[in-house]
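Since the structure comes first, as structure tokens, the remarks are kept for the end.
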Amino acid sequence: MTSKLWGASALALSAALLAAQAQAADAASASAVDAPAADATTIDAVIVTGTRQTGVRAVDSAAPVQVVDSGALTRTGQSDLRLALSNLAPSFTAQAFGGDAANLTLSARLRGTSANQTLVLINGKRRHTTANLAVLAGAYQGSAAADLNFIPVAGISRVEVLTDGAAAQYGTDAIAGVINIILKDDNHGGEISATGGSYYERDGETSSLSANIGFAPADNAYVNLTFENRFHDFSLRSAPDARINASSVVAANPTWPTIIQDYPYANKIAGDARVQLNVGAFSAGLKPSENLEIYSFGTYGQKKATAYENYRLPNRIPTVYPAGFSPRLETLEKDLALTGGVKGQAFGGWAFDLSSTYGKDDHEIRVRNSANLQLFADTGATPTQFHAGDFISTQWTNNLDVSREFTVGWATPLNVAFGLEQRDESYEIKAGDPASRYKSGSQSYPGFALTDAGKHERDSWAAYVDLAASPIENLQLDLAGRHEHFSDFGSTDIVKLTGRYDFTPAFALRGTASTGFRAPTLAELNYSATNVSPTTAFVQLAPNSAGARLLGLNGLKPEKSKNLSIGIVAEPIDRVTLTIDAYQIKIDNRIVGSGALYGKIGGAVVNAAITNAIAANGNVLDPSVGTTGINLFTNGLDTRTRGVEFLASTWTDLGDHGKIDWTLGANINTTKVTRIAAPPAGLAGSALFDQTAIANLEHAAPRYKVNLTSLYSSGKWTVNLVNTVYGPAWSYTNVNGSYFKDKIKTHLITDLELAYKITPSLRGALGANNLFDVYPDGLNKAGTAASIAAGNPGVALYPSFSAFGINGGYYYGRLTYSF
């Protein structure tokens, strides 16, 4: 209660200061009124996203584009780009916690849609995706988007967030919008920054060291380099393991409290993973002449991530682990992206950009502190460490973009842009070592079987045309069309029409209508594995596998979408810029994860068709596990997402006492499942989508999100105050077919940073994220009790879909030296 009161007080203070804006504007001197806001670049910045024209400012764009500069990213106190953007862009929501391997590669999404429906660009070029597919049920199930962890914040100049369907402009994946990350290209100067912090609970220790430098090896060249090292340690937000602390259990096993490490908090699955990351980025360019530039940029990173799995009891394999054991899932990841190109003007004024981009993400999966029970039973020995397999994804994209303006007698010249794109993709699963996949495999994470393994490839090509002009004064029109062909899904044609009319210099109306297309990712099509807990084992069937075909399912179809938006851009009073955009996204044949389809519950067969499908897929499950089933990805439903986005900015002049820059952003969003296909007869009465699967689509994202940022600057001092309101969200916990509703009410999260310029080159900062240590509402107690009664650990305290995490407050300090 106290934290909520303090948070409400912080929000009230911000609102009161914002209300004083009008009075401050009246009282300010004429010279003060003309002074620019510190963050005016976010309004006046020339953008390259959402338009093929040059010289377009964000405030003049016909499409909604929010620009986030490097200073705003730094002031969030987040060294993770994914979390920093979530603090600043109301339509952008970051995954705070993931289950199993997903906890090692957290994702993010726009407008409450799938992470796969947002395209990430680097300097306008398509970024490759992660090879680590999120398969467990939840709001981010199926995510295999670009991993923003491998883009160092210190190397970013700005981020342009296009919150509009843009598949016709940029291709598949851009159904919900585009995140375009612009790297620094300064040819001089730089900075070194060190950050350290931890959660209020004194865990999750975090440190980062970054360096950025720019130099000019020649008068007509630039090189900009960034290096970042980051470490984040485990956090623990678990309840005592119900399997070891019940009085009856202790009476039957009196030695457990003394021999089990960290008793009764032996199960550490609820918390952050440990991440060690080294990543570098570069951008370089050479201009042999005024009309020609040769350029290159890229990133390379290595990440070691480790997450706890469920604790196994001392009676599981006492000969090897007399005190029980806590398996750890570990990934060793290498991520590479490289772009090279040439751009300029030639052939009578035509601008051209010819580029090639290669990206690769390689995960080696290890299981530590584990055992293979059936291998031990058959041979009397088992390893305790396993190589469970590898995920590898690659993407090679080649682009040619050409544009030129033509004078046609309209209010502005007609900008004609067209281009070609060719892309090769691959996704590979490598089998685990023999011990990891023997029969039921290594405990907690069985190695990938030979039937899971395989390499899958796809190629595609596309051609687009984009026409933009103002036929009459104050009217902007932009028409884009795209033809795309996939080697595995055939051809599609998609279009987008964007318009804006400025009724006065202070008021404009804008809108878009577009169609979209998203081919399934190769991971969605081909991922197959066994997911286990101490009491359950579920097989993730590939949609085109023998097991799926036995159930009457046969692969995936592409998603098709229709986007509509309408909005206003206004300056209702002096120094205030306001945008409001309403939107609708309809997605047909949406690719989503199924619910839990049970074959056995408590050892009893409830659906023989499911158990037969598991056998047909070649999977061998742990015989000591009584509840088994399958999950898979399917096109079984349509969705409709509707929402409103609001963004306002202004500044308050305080005379000799400095000034305050204000940004208020909001997103109100709801998704509705509009069609559910009848399940195939092969499922023998099981529904593809249970209550949890539907709730994860419709209600697991916050109903609304509001960000109010107040940046006060005076002399050497800067104070950044961010208040974020997360609306209600809810979903269900499924315990062997019984459903329990978990709710998160509306919460206010306050972030605060105080920075001081110690010398002209040295700046120090102290800050806190979630200043008042707010936690989400706890899980449904009846659901936890039912889970414990079913033999589960019952250690989770908070819903995993919490948009602001489960760790509470975090404090940090930062030193930055600029040169």
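Residue numbering restarts at 1 for every chain of the structure tokens, chains are lettered A, B, ... in their displayed order, and ligands are numbered from 1 as they appear.
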Next on the checklist: With DSSP run on the backbone, what are the strand (DSSP E) residues within range 206-372 of chain A? I'd like them as a PyMOL selection string.
Outcome noted: chain A and resi 206-215+221-232+274-289+292-308+328-346+350-368
Next on the checklist: Let's see if you can do this: from backbone DSSP, list all helix (DSSP H, G or I) residues in range 411-602 of chain A, as number ranges by chain.
Outcome noted: A: 434-437, 522-526, 546-550
Item to check | Spatial neighbours of range 83-86 of chain A, max dist 12 Å, only C-alpha atoms, sep filter under 5 positions, as an NGL selection string | outcome: :A and (66-78 or 91-97 or 106-111 or 148-149 or 152-153 or 158-161 or 179-181 or 665 or 705-707 or 722 or 724 or 726 or 751 or 769 or 803-805)
Deliver the residues from the most recent selection as a file, using C-alpha atoms, as a tab-separated table (two decimals), in the first residue's frame.
chain	number	residue	atom	x	y	z
A	66	GLN	CA	8.26	7.95	-32.75
A	67	VAL	CA	11.93	8.89	-32.58
A	68	VAL	CA	13.91	7.89	-29.48
A	69	ASP	CA	17.37	9.45	-29.24
A	70	SER	CA	20.46	8.02	-27.57
A	71	GLY	CA	20.18	10.35	-24.57
A	72	ALA	CA	16.68	9.13	-23.77
A	73	LEU	CA	17.84	5.50	-24.00
A	74	THR	CA	20.71	6.16	-21.60
A	75	ARG	CA	18.52	7.93	-19.04
A	76	THR	CA	16.31	4.84	-18.62
A	77	GLY	CA	19.17	3.21	-16.71
A	78	GLN	CA	18.73	0.07	-18.84
A	91	SER	CA	3.20	0.65	-27.93
A	92	PHE	CA	6.31	-1.41	-27.24
A	93	THR	CA	6.08	-4.05	-24.48
A	94	ALA	CA	9.04	-6.15	-23.34
A	95	GLN	CA	8.91	-9.71	-22.07
A	96	ALA	CA	10.06	-9.59	-18.46
A	97	PHE	CA	10.26	-13.31	-17.73
A	106	LEU	CA	13.57	-12.55	-23.91
A	107	SER	CA	11.56	-10.79	-26.59
A	108	ALA	CA	9.32	-7.77	-27.15
A	109	ARG	CA	6.35	-6.78	-29.31
A	110	LEU	CA	4.35	-3.85	-30.70
A	111	ARG	CA	0.64	-3.21	-30.16
A	148	LEU	CA	17.92	-6.78	-29.35
A	149	ASN	CA	20.50	-7.80	-26.72
A	152	PRO	CA	24.80	-2.23	-27.88
A	153	VAL	CA	22.93	0.82	-26.61
A	158	ARG	CA	18.49	6.92	-32.41
A	159	VAL	CA	15.64	4.45	-32.82
A	160	GLU	CA	12.67	5.10	-35.12
A	161	VAL	CA	9.52	3.22	-34.10
A	179	ILE	CA	11.82	-0.86	-35.24
A	180	ASN	CA	14.60	0.86	-37.19
A	181	ILE	CA	17.83	1.23	-35.19
A	665	GLY	CA	2.53	8.64	-24.38
A	705	LYS	CA	0.08	1.55	-20.96
A	706	VAL	CA	0.75	5.22	-20.20
A	707	ASN	CA	4.22	6.82	-19.99
A	722	VAL	CA	9.25	8.48	-15.65
A	724	THR	CA	4.42	4.30	-16.30
A	726	TYR	CA	0.30	-0.59	-16.72
A	751	ASP	CA	11.69	5.41	-12.50
A	769	ASN	CA	13.85	1.61	-11.80
A	803	ALA	CA	4.73	-6.58	-18.14
A	804	PHE	CA	6.85	-4.93	-15.42
A	805	GLY	CA	8.48	-8.12	-14.19
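Closest approach to Arg642 in chain A among A:Ser565, A:Gln345, A:Thr663, A:Thr816: A:Ser565, based on only C-alpha atoms.
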Checklist entry - Any idea what's packed within 6 Å of Ala729 in chain A, counting only C-alpha atoms, ignoring anything in its chain fewer than 3 positions away? Could you give it as a PyMOL selection string? => result chain A and resi 699-702+744
Item to check | Spatial neighbours of Ala194 in chain A, max dist 6 Å, only C-alpha atoms, sep filter under 3 positions, as number ranges by chain | outcome: A: 208-209, 814-815
Dump all heavy atoms for the selected residues as an mmCIF file, in the first residue's frame?
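As a result, selection_28.cif now contains:
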data_model
loop_
_atom_site.group_PDB
_atom_site.id
_atom_site.type_symbol
_atom_site.label_atom_id
_atom_site.label_comp_id
_atom_site.auth_asym_id
_atom_site.auth_seq_id
_atom_site.Cartn_x
_atom_site.Cartn_y
_atom_site.Cartn_z
ATOM 1 N N SER A 208 27.838 -3.181 -16.333
ATOM 2 C CA SER A 208 28.112 -3.035 -17.763
ATOM 3 C C SER A 208 29.217 -2.014 -17.967
ATOM 4 O O SER A 208 29.338 -1.045 -17.204
ATOM 5 C CB SER A 208 26.856 -2.605 -18.536
ATOM 6 O OG SER A 208 26.468 -1.291 -18.181
ATOM 7 N N LEU A 209 30.004 -2.243 -18.968
ATOM 8 C CA LEU A 209 31.072 -1.333 -19.369
ATOM 9 C C LEU A 209 30.990 -1.179 -20.873
ATOM 10 O O LEU A 209 31.001 -2.173 -21.609
ATOM 11 C CB LEU A 209 32.439 -1.890 -18.961
ATOM 12 C CG LEU A 209 33.657 -1.062 -19.384
ATOM 13 C CD1 LEU A 209 33.664 0.277 -18.665
ATOM 14 C CD2 LEU A 209 34.950 -1.832 -19.098
ATOM 15 N N ARG A 814 25.976 5.219 -12.382
ATOM 16 C CA ARG A 814 26.637 5.232 -13.695
ATOM 17 C C ARG A 814 27.640 6.389 -13.756
ATOM 18 O O ARG A 814 27.354 7.502 -13.279
ATOM 19 C CB ARG A 814 25.607 5.386 -14.810
ATOM 20 C CG ARG A 814 26.210 5.353 -16.215
ATOM 21 C CD ARG A 814 25.156 5.421 -17.307
ATOM 22 N NE ARG A 814 24.445 6.691 -17.343
ATOM 23 C CZ ARG A 814 23.189 6.859 -16.985
ATOM 24 N NH1 ARG A 814 22.473 5.819 -16.572
ATOM 25 N NH2 ARG A 814 22.612 8.040 -17.045
ATOM 26 N N LEU A 815 28.794 6.138 -14.333
ATOM 27 C CA LEU A 815 29.785 7.155 -14.625
ATOM 28 C C LEU A 815 30.057 7.142 -16.123
ATOM 29 O O LEU A 815 30.252 6.070 -16.712
ATOM 30 C CB LEU A 815 31.085 6.900 -13.870
ATOM 31 C CG LEU A 815 31.160 7.349 -12.403
ATOM 32 C CD1 LEU A 815 32.483 6.906 -11.796
ATOM 33 C CD2 LEU A 815 30.987 8.861 -12.282
#
Item to check | Long-range neighbours of Pro543 in chain A as a PyMOL selection string, 6 Å cut-off, only C-alpha atoms, 4 positions minimum in chain | outcome: chain A and resi 525+548+555
Item to check | For Ile660 in chain A: contacts at 7 Å, only C-alpha atoms, fewer than 2 positions along chain excluded, given as a list in words | outcome: Trp651, Thr652, Asp653, Trp662, Ser710, Leu711, Tyr712 and Ser713 of chain A
Could you save those same residues with all heavy atoms as a tab-separated table (two decimals), in the first residue's frame?
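The result, stored in again16.tsv:
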chain	number	residue	atom	x	y	z
A	651	TRP	N	7.35	21.67	-23.31
A	651	TRP	CA	8.41	22.00	-22.36
A	651	TRP	C	7.98	23.21	-21.56
A	651	TRP	O	7.20	24.05	-22.00
A	651	TRP	CB	9.75	22.22	-23.05
A	651	TRP	CG	9.79	23.31	-24.07
A	651	TRP	CD1	9.30	23.27	-25.34
A	651	TRP	CD2	10.36	24.62	-23.91
A	651	TRP	NE1	9.52	24.45	-25.99
A	651	TRP	CE2	10.17	25.30	-25.13
A	651	TRP	CE3	11.01	25.26	-22.86
A	651	TRP	CZ2	10.61	26.60	-25.32
A	651	TRP	CZ3	11.46	26.56	-23.05
A	651	TRP	CH2	11.26	27.21	-24.27
A	652	THR	N	8.48	23.27	-20.34
A	652	THR	CA	8.17	24.34	-19.41
A	652	THR	C	9.45	25.12	-19.11
A	652	THR	O	10.44	24.52	-18.67
A	652	THR	CB	7.60	23.79	-18.09
A	652	THR	OG1	6.42	23.04	-18.37
A	652	THR	CG2	7.27	24.92	-17.13
A	653	ASP	N	9.42	26.44	-19.35
A	653	ASP	CA	10.57	27.28	-19.05
A	653	ASP	C	10.48	27.75	-17.60
A	653	ASP	O	9.47	28.30	-17.17
A	653	ASP	CB	10.60	28.49	-19.99
A	653	ASP	CG	11.77	29.39	-19.68
A	653	ASP	OD1	12.91	28.97	-19.93
A	653	ASP	OD2	11.55	30.51	-19.17
A	662	TRP	N	8.67	17.54	-21.38
A	662	TRP	CA	7.61	16.59	-21.05
A	662	TRP	C	7.28	15.73	-22.27
A	662	TRP	O	7.20	16.22	-23.39
A	662	TRP	CB	6.33	17.32	-20.66
A	662	TRP	CG	6.46	18.30	-19.54
A	662	TRP	CD1	6.74	19.63	-19.65
A	662	TRP	CD2	6.28	18.03	-18.15
A	662	TRP	NE1	6.76	20.21	-18.41
A	662	TRP	CE2	6.48	19.26	-17.47
A	662	TRP	CE3	5.97	16.89	-17.42
A	662	TRP	CZ2	6.38	19.36	-16.09
A	662	TRP	CZ3	5.87	17.00	-16.05
A	662	TRP	CH2	6.08	18.20	-15.39
A	710	SER	N	9.29	13.22	-17.48
A	710	SER	CA	9.59	14.60	-17.10
A	710	SER	C	11.10	14.73	-17.00
A	710	SER	O	11.71	14.11	-16.12
A	710	SER	CB	8.94	14.96	-15.76
A	710	SER	OG	7.64	14.42	-15.66
A	711	LEU	N	11.71	15.52	-17.86
A	711	LEU	CA	13.16	15.71	-17.86
A	711	LEU	C	13.47	17.13	-17.44
A	711	LEU	O	13.22	18.09	-18.18
A	711	LEU	CB	13.74	15.42	-19.25
A	711	LEU	CG	15.23	15.70	-19.42
A	711	LEU	CD1	16.06	14.80	-18.50
A	711	LEU	CD2	15.65	15.51	-20.87
A	712	TYR	N	13.99	17.28	-16.23
A	712	TYR	CA	14.36	18.59	-15.70
A	712	TYR	C	15.86	18.80	-15.88
A	712	TYR	O	16.66	17.93	-15.54
A	712	TYR	CB	13.99	18.68	-14.21
A	712	TYR	CG	14.55	19.90	-13.51
A	712	TYR	CD1	13.98	21.16	-13.71
A	712	TYR	CD2	15.65	19.79	-12.66
A	712	TYR	CE1	14.51	22.28	-13.07
A	712	TYR	CE2	16.17	20.91	-12.02
A	712	TYR	CZ	15.60	22.15	-12.23
A	712	TYR	OH	16.11	23.25	-11.60
A	713	SER	N	16.24	19.95	-16.41
A	713	SER	CA	17.66	20.26	-16.59
A	713	SER	C	17.92	21.69	-16.14
A	713	SER	O	17.16	22.62	-16.46
A	713	SER	CB	18.07	20.07	-18.06
A	713	SER	OG	17.23	20.83	-18.92
Item to check | Interatomic distance, CA of Phe325 in chain A to CA of Gly432 in chain A (Å, one decimal) | outcome: 21.2 Å
Item to check | Two-atom distance - CA of Lys557 in chain A, CA of Thr492 in chain A (Å) | outcome: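 Pair CA of Lys557 in chain A / CA of Thr492 in chain A returns 12.6 Å.
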Give one line per residue of range 322-381 of chain A that approaches range 387-398 of chain A to at most 8 Å, naming the two atoms of the closest pair and their distance in Å to one decimal, counting only C-alpha atoms; sort by chain then ascending residue number and deliver it as CSV.
residue,atom,partner,partner_atom,distance
A:Leu354,CA,A:Asn398,CA,7.8
A:Ser355,CA,A:Asn398,CA,5.8
A:Ser356,CA,A:Asn398,CA,4.4
A:Thr357,CA,A:Thr397,CA,5.1
A:Tyr358,CA,A:Trp396,CA,4.4
A:Gly359,CA,A:Gln395,CA,5.2
A:Lys360,CA,A:Thr394,CA,4.3
A:Asp361,CA,A:Ser393,CA,5.4
A:Asp362,CA,A:Ile392,CA,4.5
A:His363,CA,A:Phe391,CA,5.1
A:Glu364,CA,A:Asp390,CA,4.6
A:Ile365,CA,A:Ala388,CA,5.4
A:Arg366,CA,A:His387,CA,4.6
A:Val367,CA,A:His387,CA,6.5
I need the residues from that last selection saved to file as a CSV table (one decimal), in the first residue's frame (with all heavy atoms), if you can.
chain,number,residue,atom,x,y,z
A,354,LEU,N,22.6,-0.2,-53.1
A,354,LEU,CA,22.8,-1.6,-53.4
A,354,LEU,C,23.5,-2.2,-52.2
A,354,LEU,O,24.6,-1.7,-51.8
A,354,LEU,CB,23.6,-1.8,-54.6
A,354,LEU,CG,24.0,-3.3,-55.0
A,354,LEU,CD1,22.7,-4.1,-55.3
A,354,LEU,CD2,25.0,-3.3,-56.2
A,355,SER,N,22.9,-3.2,-51.5
A,355,SER,CA,23.5,-3.7,-50.3
A,355,SER,C,23.3,-5.2,-50.2
A,355,SER,O,22.5,-5.8,-50.8
A,355,SER,CB,22.9,-3.0,-49.1
A,355,SER,OG,21.5,-3.4,-49.0
A,356,SER,N,24.1,-5.8,-49.3
A,356,SER,CA,24.0,-7.2,-49.0
A,356,SER,C,24.2,-7.4,-47.5
A,356,SER,O,25.2,-6.8,-46.9
A,356,SER,CB,25.1,-8.0,-49.7
A,356,SER,OG,24.9,-9.4,-49.5
A,357,THR,N,23.3,-8.1,-46.8
A,357,THR,CA,23.4,-8.3,-45.4
A,357,THR,C,23.3,-9.8,-45.0
A,357,THR,O,22.5,-10.5,-45.5
A,357,THR,CB,22.2,-7.6,-44.7
A,357,THR,OG1,22.2,-6.2,-45.0
A,357,THR,CG2,22.2,-7.8,-43.2
A,358,TYR,N,24.3,-10.2,-44.2
A,358,TYR,CA,24.3,-11.6,-43.7
A,358,TYR,C,24.2,-11.6,-42.2
A,358,TYR,O,24.8,-10.8,-41.5
A,358,TYR,CB,25.6,-12.3,-44.1
A,358,TYR,CG,25.7,-13.7,-43.6
A,358,TYR,CD1,25.0,-14.7,-44.3
A,358,TYR,CD2,26.4,-14.0,-42.5
A,358,TYR,CE1,25.1,-16.0,-43.8
A,358,TYR,CE2,26.5,-15.3,-42.1
A,358,TYR,CZ,25.8,-16.3,-42.7
A,358,TYR,OH,25.9,-17.6,-42.3
A,359,GLY,N,23.3,-12.5,-41.7
A,359,GLY,CA,23.2,-12.6,-40.2
A,359,GLY,C,23.1,-14.1,-39.8
A,359,GLY,O,22.6,-14.9,-40.6
A,360,LYS,N,23.7,-14.4,-38.7
A,360,LYS,CA,23.7,-15.8,-38.2
A,360,LYS,C,23.6,-15.8,-36.7
A,360,LYS,O,24.3,-15.0,-36.0
A,360,LYS,CB,25.0,-16.5,-38.6
A,360,LYS,CG,25.1,-18.0,-38.1
A,360,LYS,CD,26.4,-18.6,-38.6
A,360,LYS,CE,26.4,-20.1,-38.2
A,360,LYS,NZ,27.7,-20.7,-38.6
A,361,ASP,N,22.8,-16.7,-36.1
A,361,ASP,CA,22.6,-16.8,-34.7
A,361,ASP,C,22.8,-18.3,-34.4
A,361,ASP,O,22.1,-19.2,-34.9
A,361,ASP,CB,21.2,-16.3,-34.2
A,361,ASP,CG,21.1,-16.3,-32.7
A,361,ASP,OD1,22.0,-15.7,-32.1
A,361,ASP,OD2,20.2,-16.9,-32.2
A,362,ASP,N,23.7,-18.6,-33.5
A,362,ASP,CA,24.1,-20.0,-33.2
A,362,ASP,C,24.1,-20.2,-31.7
A,362,ASP,O,24.8,-19.6,-31.0
A,362,ASP,CB,25.6,-20.2,-33.8
A,362,ASP,CG,26.0,-21.7,-33.7
A,362,ASP,OD1,25.5,-22.4,-32.8
A,362,ASP,OD2,26.9,-22.1,-34.5
A,363,HIS,N,23.2,-21.2,-31.3
A,363,HIS,CA,23.1,-21.5,-29.9
A,363,HIS,C,23.6,-22.9,-29.7
A,363,HIS,O,23.1,-23.9,-30.3
A,363,HIS,CB,21.6,-21.5,-29.5
A,363,HIS,CG,21.0,-20.1,-29.4
A,363,HIS,ND1,20.7,-19.5,-28.2
A,363,HIS,CD2,20.6,-19.3,-30.4
A,363,HIS,CE1,20.1,-18.4,-28.4
A,363,HIS,NE2,20.1,-18.2,-29.7
A,364,GLU,N,24.5,-23.1,-28.8
A,364,GLU,CA,24.8,-24.4,-28.3
A,364,GLU,C,24.1,-24.6,-26.9
A,364,GLU,O,24.2,-23.8,-26.0
A,364,GLU,CB,26.3,-24.6,-28.1
A,364,GLU,CG,26.7,-25.9,-27.5
A,364,GLU,CD,28.2,-26.0,-27.2
A,364,GLU,OE1,29.0,-25.2,-27.6
A,364,GLU,OE2,28.6,-27.0,-26.5
A,365,ILE,N,23.3,-25.7,-26.8
A,365,ILE,CA,22.5,-25.9,-25.6
A,365,ILE,C,23.2,-27.0,-24.8
A,365,ILE,O,23.5,-28.1,-25.2
A,365,ILE,CB,21.1,-26.4,-26.0
A,365,ILE,CG1,20.5,-25.5,-27.1
A,365,ILE,CG2,20.2,-26.5,-24.8
A,365,ILE,CD1,20.3,-24.1,-26.7
A,366,ARG,N,23.4,-26.6,-23.5
A,366,ARG,CA,24.0,-27.5,-22.5
A,366,ARG,C,23.0,-27.7,-21.3
A,366,ARG,O,22.3,-26.8,-21.0
A,366,ARG,CB,25.3,-27.0,-22.1
A,366,ARG,CG,26.4,-26.9,-23.1
A,366,ARG,CD,27.7,-26.3,-22.5
A,366,ARG,NE,28.7,-26.2,-23.5
A,366,ARG,CZ,29.9,-25.7,-23.3
A,366,ARG,NH1,30.2,-25.2,-22.1
A,366,ARG,NH2,30.9,-25.7,-24.2
A,367,VAL,N,23.1,-28.9,-20.7
A,367,VAL,CA,22.4,-29.1,-19.5
A,367,VAL,C,23.4,-29.5,-18.4
A,367,VAL,O,24.2,-30.5,-18.6
A,367,VAL,CB,21.3,-30.2,-19.6
A,367,VAL,CG1,20.5,-30.4,-18.3
A,367,VAL,CG2,20.4,-29.9,-20.8
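Between Ile668 in chain A and the candidates A:Leu597, A:Gln169, A:Asp581, A:Ile614, the tightest atom-to-atom separation, counting only C-alpha atoms, involves A:Asp581.
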Item to check | Atomic separation - CA of Thr163 in chain A relative to CA of Ser731 in chain A, Å | outcome: 25.8 Å
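You can rank A:Thr759, A:Gly737, A:Ala678, A:Pro257 by their closest distance to Lys716 in chain A using only C-alpha atoms, and at the top of that list sits A:Thr759.
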Next on the checklist: I'd like to know which of A:Ala307, A:Ala62, A:Ala796, A:Ala266 is closest to Leu477 in chain A, using only C-alpha atoms.
Outcome noted: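 Closest residue, counting only C-alpha atoms: A:Ala62.
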Checklist entry - Counting only C-alpha atoms, which of A:Glu228, A:Glu421, A:Asp219, A:Asp459 gets nearest to Arg482 in chain A? => result A:Glu421
Next on the checklist: Under the rule that only C-alpha atoms are counted, which of A:Leu654, A:Val416, A:Ala684, A:Ala371 is the nearest residue to Leu550 in chain A?
Outcome noted: A:Ala684
